[in-house]
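Asker: First the structure, then my questions, so here it is.
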Amino acid sequence: PFKDIIQSRQMSASRPAPTTTVAPPVEYRDLNEAYIEMQRIATEYPQIAKFVDVTSRVNAPLTYEGRRLYALKISDNANVEEDEPTTLLVANHHAREIMTAEIAMEAARKLTGLYGTDATVTNAVNTNEIWVAPIWNPDGYNYVFTTDNLWRKNRHVFKGKNRGIGVDQNRNYAQGWDTACGGSSDPKSDNYKGPSAASESETKALVSLSQAERFAKVIDLHNFGGKVVHGYACLDYPFATWMEQEATEVGQVVGYTTLKTVAEGMEP
(Lines give C-alpha, C1' and ligand atoms only; values in the text may rest on other atoms or scores of the structure.)
Protein backbone atom coordinates (compact mmCIF):
# COMPACT_ATOMS: atom_id res chain seq x y z
CA PRO A 1 0.00 0.00 0.00
CA PHE A 2 2.92 2.39 0.51
CA LYS A 3 3.48 2.61 -3.25
CA ASP A 4 0.16 4.46 -3.47
CA ILE A 5 1.16 7.14 -0.97
CA ILE A 6 2.68 10.26 -2.49
CA GLN A 7 5.40 11.65 -0.27
CA SER A 8 4.46 15.28 -0.84
CA ARG A 9 0.86 14.81 0.30
CA GLN A 10 -0.22 17.09 3.13
CA MET A 11 -0.17 15.40 6.50
CA SER A 12 -2.84 15.87 9.14
CA ALA A 13 -2.43 18.59 11.77
CA SER A 14 -1.58 16.05 14.47
CA ARG A 15 2.15 16.43 13.74
CA PRO A 16 4.00 19.73 13.20
CA ALA A 17 4.68 20.42 9.54
CA PRO A 18 8.24 21.00 8.31
CA THR A 19 9.11 24.65 7.94
CA THR A 20 10.33 24.54 4.35
CA THR A 21 8.26 21.90 2.56
CA VAL A 22 5.03 19.95 2.83
CA ALA A 23 5.17 17.39 5.62
CA PRO A 24 5.47 13.64 5.01
CA PRO A 25 2.15 11.77 4.99
CA VAL A 26 0.77 10.87 8.39
CA GLU A 27 0.85 7.18 7.43
CA TYR A 28 4.63 7.22 7.85
CA ARG A 29 6.10 6.87 11.31
CA ASP A 30 8.42 9.57 12.58
CA LEU A 31 11.65 8.52 14.27
CA ASN A 32 10.23 7.98 17.74
CA GLU A 33 7.21 6.10 16.40
CA ALA A 34 9.48 3.83 14.37
CA TYR A 35 11.57 2.92 17.39
CA ILE A 36 8.43 2.27 19.42
CA GLU A 37 7.22 -0.12 16.72
CA MET A 38 10.55 -1.96 16.70
CA GLN A 39 10.41 -2.35 20.48
CA ARG A 40 6.80 -3.53 20.24
CA ILE A 41 7.80 -6.30 17.84
CA ALA A 42 10.61 -7.41 20.15
CA THR A 43 8.28 -7.37 23.16
CA GLU A 44 5.51 -9.30 21.41
CA TYR A 45 7.87 -11.95 20.02
CA PRO A 46 10.72 -12.15 22.60
CA GLN A 47 11.84 -15.63 21.56
CA ILE A 48 12.49 -14.71 17.93
CA ALA A 49 13.03 -10.94 17.95
CA LYS A 50 15.53 -8.79 19.82
CA PHE A 51 15.79 -4.98 19.80
CA VAL A 52 19.51 -4.24 19.47
CA ASP A 53 21.36 -1.03 20.22
CA VAL A 54 23.88 -1.41 17.41
CA THR A 55 25.87 1.65 18.46
CA SER A 56 26.58 0.09 21.86
CA ARG A 57 27.05 -3.42 20.48
CA VAL A 58 29.89 -2.42 18.16
CA ASN A 59 31.15 0.49 20.30
CA ALA A 60 30.51 2.99 17.50
CA PRO A 61 30.35 6.77 17.99
CA LEU A 62 26.99 8.49 18.25
CA THR A 63 25.63 10.25 15.18
CA TYR A 64 26.45 13.92 14.68
CA GLU A 65 23.28 14.90 16.57
CA GLY A 66 23.91 12.36 19.33
CA ARG A 67 21.64 9.51 18.28
CA ARG A 68 22.07 5.75 18.35
CA LEU A 69 21.43 3.22 15.61
CA TYR A 70 19.06 0.31 16.22
CA ALA A 71 18.13 -2.96 14.55
CA LEU A 72 15.97 -6.01 15.11
CA LYS A 73 17.68 -9.38 15.24
CA ILE A 74 15.24 -12.09 14.16
CA SER A 75 16.02 -15.80 14.64
CA ASP A 76 14.52 -18.85 16.31
CA ASN A 77 16.70 -18.09 19.35
CA ALA A 78 17.19 -14.37 19.04
CA ASN A 79 18.96 -14.04 22.39
CA VAL A 80 21.51 -16.72 21.55
CA GLU A 81 24.52 -16.40 19.26
CA GLU A 82 24.12 -19.34 16.88
CA ASP A 83 26.30 -20.56 14.05
CA GLU A 84 23.86 -19.67 11.29
CA PRO A 85 24.02 -17.66 8.05
CA THR A 86 23.25 -13.99 8.63
CA THR A 87 21.35 -11.60 6.40
CA LEU A 88 21.01 -7.83 6.72
CA LEU A 89 18.07 -5.76 5.50
CA VAL A 90 19.01 -2.10 5.92
CA ALA A 91 17.03 0.95 4.87
CA ASN A 92 17.01 4.74 4.83
CA HIS A 93 20.62 5.59 4.04
CA HIS A 94 18.98 8.53 2.27
CA ALA A 95 16.78 10.46 4.68
CA ARG A 96 13.95 11.38 2.32
CA GLU A 97 13.44 7.78 1.22
CA ILE A 98 11.04 7.18 4.08
CA MET A 99 9.16 4.43 2.26
CA THR A 100 12.15 2.14 2.73
CA ALA A 101 11.84 2.31 6.52
CA GLU A 102 8.21 1.17 6.28
CA ILE A 103 9.09 -1.67 3.92
CA ALA A 104 11.83 -2.89 6.26
CA MET A 105 9.46 -2.65 9.21
CA GLU A 106 6.81 -4.61 7.30
CA ALA A 107 9.41 -7.31 6.62
CA ALA A 108 10.14 -7.52 10.34
CA ARG A 109 6.42 -7.78 11.11
CA LYS A 110 5.93 -10.59 8.61
CA LEU A 111 8.98 -12.53 9.76
CA THR A 112 7.68 -12.46 13.33
CA GLY A 113 3.91 -12.46 12.83
CA LEU A 114 3.89 -15.37 10.34
CA TYR A 115 6.42 -17.45 12.24
CA GLY A 116 4.97 -20.84 13.11
CA THR A 117 2.12 -20.59 10.59
CA ASP A 118 3.88 -19.89 7.28
CA ALA A 119 6.33 -22.65 6.34
CA THR A 120 8.63 -20.42 4.27
CA VAL A 121 8.88 -17.75 6.95
CA THR A 122 9.34 -20.33 9.72
CA ASN A 123 12.15 -22.06 7.86
CA ALA A 124 13.89 -18.75 7.11
CA VAL A 125 13.80 -17.70 10.76
CA ASN A 126 14.81 -21.15 12.03
CA THR A 127 17.86 -21.44 9.78
CA ASN A 128 19.14 -17.85 9.67
CA GLU A 129 19.90 -14.79 11.74
CA ILE A 130 18.09 -11.92 10.02
CA TRP A 131 18.96 -8.35 10.96
CA VAL A 132 16.48 -5.62 10.04
CA ALA A 133 17.65 -2.02 10.36
CA PRO A 134 14.81 0.23 9.14
CA ILE A 135 16.49 3.62 9.69
CA TRP A 136 20.23 4.01 9.16
CA ASN A 137 20.13 7.80 8.92
CA PRO A 138 18.23 8.85 12.06
CA ASP A 139 19.43 12.47 12.07
CA GLY A 140 18.38 12.98 8.47
CA TYR A 141 15.16 11.02 8.93
CA ASN A 142 14.16 13.23 11.85
CA TYR A 143 15.00 16.34 9.80
CA VAL A 144 12.66 15.13 7.05
CA PHE A 145 9.78 15.03 9.53
CA THR A 146 10.56 18.31 11.27
CA THR A 147 12.09 20.63 8.68
CA ASP A 148 12.58 19.52 5.07
CA ASN A 149 11.01 16.41 3.55
CA LEU A 150 13.41 16.50 0.60
CA TRP A 151 16.56 16.23 2.74
CA ARG A 152 18.83 13.41 1.56
CA LYS A 153 22.07 13.33 3.58
CA ASN A 154 22.89 13.01 7.26
CA ARG A 155 23.22 16.20 9.34
CA HIS A 156 26.99 16.51 9.78
CA VAL A 157 27.84 20.22 9.77
CA PHE A 158 31.07 21.24 8.02
CA LYS A 159 32.44 24.68 8.82
CA GLY A 160 35.33 26.77 7.55
CA LYS A 161 36.34 27.10 3.92
CA ASN A 162 34.37 24.11 2.66
CA ARG A 163 31.07 24.76 4.35
CA GLY A 164 28.09 22.51 3.97
CA ILE A 165 25.75 20.18 5.79
CA GLY A 166 25.48 16.46 5.45
CA VAL A 167 27.19 13.45 3.89
CA ASP A 168 25.56 11.11 1.40
CA GLN A 169 25.88 7.99 3.53
CA ASN A 170 25.47 5.74 0.52
CA ARG A 171 28.72 7.15 -0.87
CA ASN A 172 30.73 7.17 2.34
CA TYR A 173 31.79 3.51 2.32
CA ALA A 174 35.39 2.68 1.47
CA GLN A 175 34.57 0.58 -1.59
CA GLY A 176 35.08 2.93 -4.53
CA TRP A 177 35.18 6.05 -2.37
CA ASP A 178 38.21 7.51 -4.17
CA THR A 179 37.10 6.64 -7.72
CA ALA A 180 35.68 9.00 -10.33
CA CYS A 181 32.19 7.63 -9.68
CA GLY A 182 32.53 7.71 -5.90
CA GLY A 183 30.57 10.90 -5.35
CA SER A 184 31.11 14.62 -4.99
CA SER A 185 33.86 16.33 -2.97
CA ASP A 186 31.66 19.39 -2.43
CA PRO A 187 29.94 19.45 0.99
CA LYS A 188 27.07 21.39 -0.56
CA SER A 189 26.33 18.60 -3.02
CA ASP A 190 23.54 16.09 -2.41
CA ASN A 191 26.08 13.41 -3.40
CA TYR A 192 28.86 14.59 -1.06
CA LYS A 193 30.89 11.50 -0.18
CA GLY A 194 32.41 12.93 2.99
CA PRO A 195 35.91 14.14 3.90
CA SER A 196 37.26 10.59 3.98
CA ALA A 197 36.07 7.03 3.51
CA ALA A 198 33.92 5.83 6.43
CA SER A 199 34.17 9.25 8.08
CA GLU A 200 30.60 9.07 9.39
CA SER A 201 29.46 7.35 12.56
CA GLU A 202 26.64 5.60 10.69
CA THR A 203 29.15 4.12 8.25
CA LYS A 204 31.51 3.07 11.02
CA ALA A 205 28.67 1.32 12.83
CA LEU A 206 27.55 -0.67 9.81
CA VAL A 207 31.09 -1.65 8.87
CA SER A 208 31.72 -2.84 12.43
CA LEU A 209 28.43 -4.73 12.56
CA SER A 210 29.20 -6.38 9.22
CA GLN A 211 32.63 -7.45 10.44
CA ALA A 212 31.14 -8.87 13.62
CA GLU A 213 28.23 -10.70 12.01
CA ARG A 214 29.82 -11.54 8.63
CA PHE A 215 26.60 -11.09 6.69
CA ALA A 216 26.16 -13.62 3.91
CA LYS A 217 23.70 -11.32 2.12
CA VAL A 218 22.85 -7.64 2.39
CA ILE A 219 19.83 -5.88 0.90
CA ASP A 220 20.01 -2.08 1.02
CA LEU A 221 16.60 -0.53 0.35
CA HIS A 222 16.14 2.70 -1.63
CA ASN A 223 12.88 4.02 -3.08
CA PHE A 224 13.82 5.36 -6.47
CA GLY A 225 13.72 3.76 -9.92
CA GLY A 226 11.92 0.47 -9.18
CA LYS A 227 15.06 -1.56 -9.87
CA VAL A 228 17.23 -4.15 -8.15
CA VAL A 229 20.73 -2.71 -8.49
CA HIS A 230 23.84 -4.86 -8.17
CA GLY A 231 27.37 -3.63 -8.70
CA TYR A 232 29.83 -0.93 -7.71
CA ALA A 233 29.17 1.76 -10.33
CA CYS A 234 32.41 2.13 -12.35
CA LEU A 235 34.23 -0.68 -10.50
CA ASP A 236 34.52 -4.32 -11.41
CA TYR A 237 33.62 -6.71 -8.62
CA PRO A 238 33.94 -10.45 -7.94
CA PHE A 239 31.11 -12.94 -8.41
CA ALA A 240 29.41 -10.66 -10.94
CA THR A 241 27.46 -13.47 -12.58
CA TRP A 242 26.19 -14.80 -9.26
CA MET A 243 25.21 -11.31 -8.12
CA GLU A 244 23.26 -10.75 -11.32
CA GLN A 245 21.42 -14.04 -10.89
CA GLU A 246 20.49 -13.16 -7.31
CA ALA A 247 19.34 -9.68 -8.33
CA THR A 248 17.25 -11.11 -11.14
CA GLU A 249 15.49 -13.51 -8.78
CA VAL A 250 14.72 -10.71 -6.32
CA GLY A 251 13.47 -8.54 -9.16
CA GLN A 252 11.11 -11.26 -10.34
CA VAL A 253 9.61 -11.57 -6.87
CA VAL A 254 8.98 -7.84 -6.37
CA GLY A 255 8.24 -6.98 -10.00
CA TYR A 256 11.38 -4.86 -10.56
CA THR A 257 13.89 -4.92 -13.38
CA THR A 258 17.59 -5.36 -12.61
CA LEU A 259 20.41 -2.91 -13.22
CA LYS A 260 24.14 -3.53 -12.91
CA THR A 261 24.98 0.00 -11.79
CA VAL A 262 23.07 3.14 -10.97
CA ALA A 263 22.95 5.56 -13.89
CA GLU A 264 24.30 9.05 -13.37
CA GLY A 265 21.68 11.30 -11.82
CA MET A 266 19.60 8.51 -10.32
CA GLU A 267 18.78 8.73 -6.62
CA PRO A 268 20.91 5.99 -4.99
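Each chain in the C-alpha coordinates gets a letter, A, B and so on, in the order shown; residues start at 1 in every chain, and ligands are counted from 1 in the order they appear.
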So which residues touch Thr55 (chain A) within 8 Å, counting only C-alpha atoms, skipping near sequence neighbours fewer than 5 positions away, as a list in words?

Answerer: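 Once the adjacent positions are removed, what remains is Ala60, Pro61, Leu62, Arg68, Leu69, Tyr70 and Ala205 of chain A.
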
Asker: Can you check which residues of region 19-240 of chain A DSSP gives as alpha helix (DSSP H) on the backbone and send them as a ChimeraX atom specification?

Answerer: /A:31-44,54-57,98-113,119-127,138-146,201-213,240

Asker: Using only C-alpha atoms, what table do you get, as a Markdown table, when you list each residue of region 87-183 of chain A with an atom no more than 7 Å from region 194-201 of chain A, its nearest pair of atoms, and their distance in Å rounded to one decimal, rows by chain then rising number?

Answerer:
| residue | atom | partner | partner_atom | distance |
| --- | --- | --- | --- | --- |
| A:Val167 | CA | A:Gly194 | CA | 5.3 |
| A:Asn172 | CA | A:Ala198 | CA | 5.4 |
| A:Tyr173 | CA | A:Ala198 | CA | 5.2 |
| A:Ala174 | CA | A:Ala197 | CA | 4.9 |
| A:Trp177 | CA | A:Ala197 | CA | 6.0 |

Asker: Fewer than 3 positions away in the same chain doesn't count, so skip those; otherwise give me all residues within 10 Å of region 31-41 of chain A, counting only C-alpha atoms, as an MDAnalysis selection string.

Answerer: chainID A and resid 28 44:46 48:52 70:72 101:102 105 108:109 112:113 132:135 138:145

Asker: From a DSSP pass on the backbone, collect the residues of region 11-178 of chain A flagged as strand (DSSP E) and hand them back as a ChimeraX atom specification.

Answerer: /A:49-53,70-74,86-91,129-133,157-158,164-165

Asker: Please determine, counting only C-alpha atoms, which residue among A:Arg67, A:Lys193, A:Arg96, A:Arg57 has the shortest atom-to-atom distance to Thr147 (chain A).

Answerer: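 The shortest atom-to-atom distance to Thr147 (chain A) comes from A:Arg96.
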
Asker: Counting only C-alpha atoms, what is within 9 Å of Val228 (chain A), bar same-chain residues fewer than 2 positions away, as a list in words?

Answerer: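 Non-adjacent residues within range: Gly225, Gly226, His230, Ala247, Thr248, Val250, Gly251, Tyr256, Thr257, Thr258, Leu259 and Lys260 of chain A.
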
Asker: Rounded to one decimal, what separation in Å do you get between CA of Lys227 (chain A) and CA of Gly166 (chain A)?

Answerer: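 Calculated distance between CA of Lys227 (chain A) and CA of Gly166 (chain A) is 25.8 Å.
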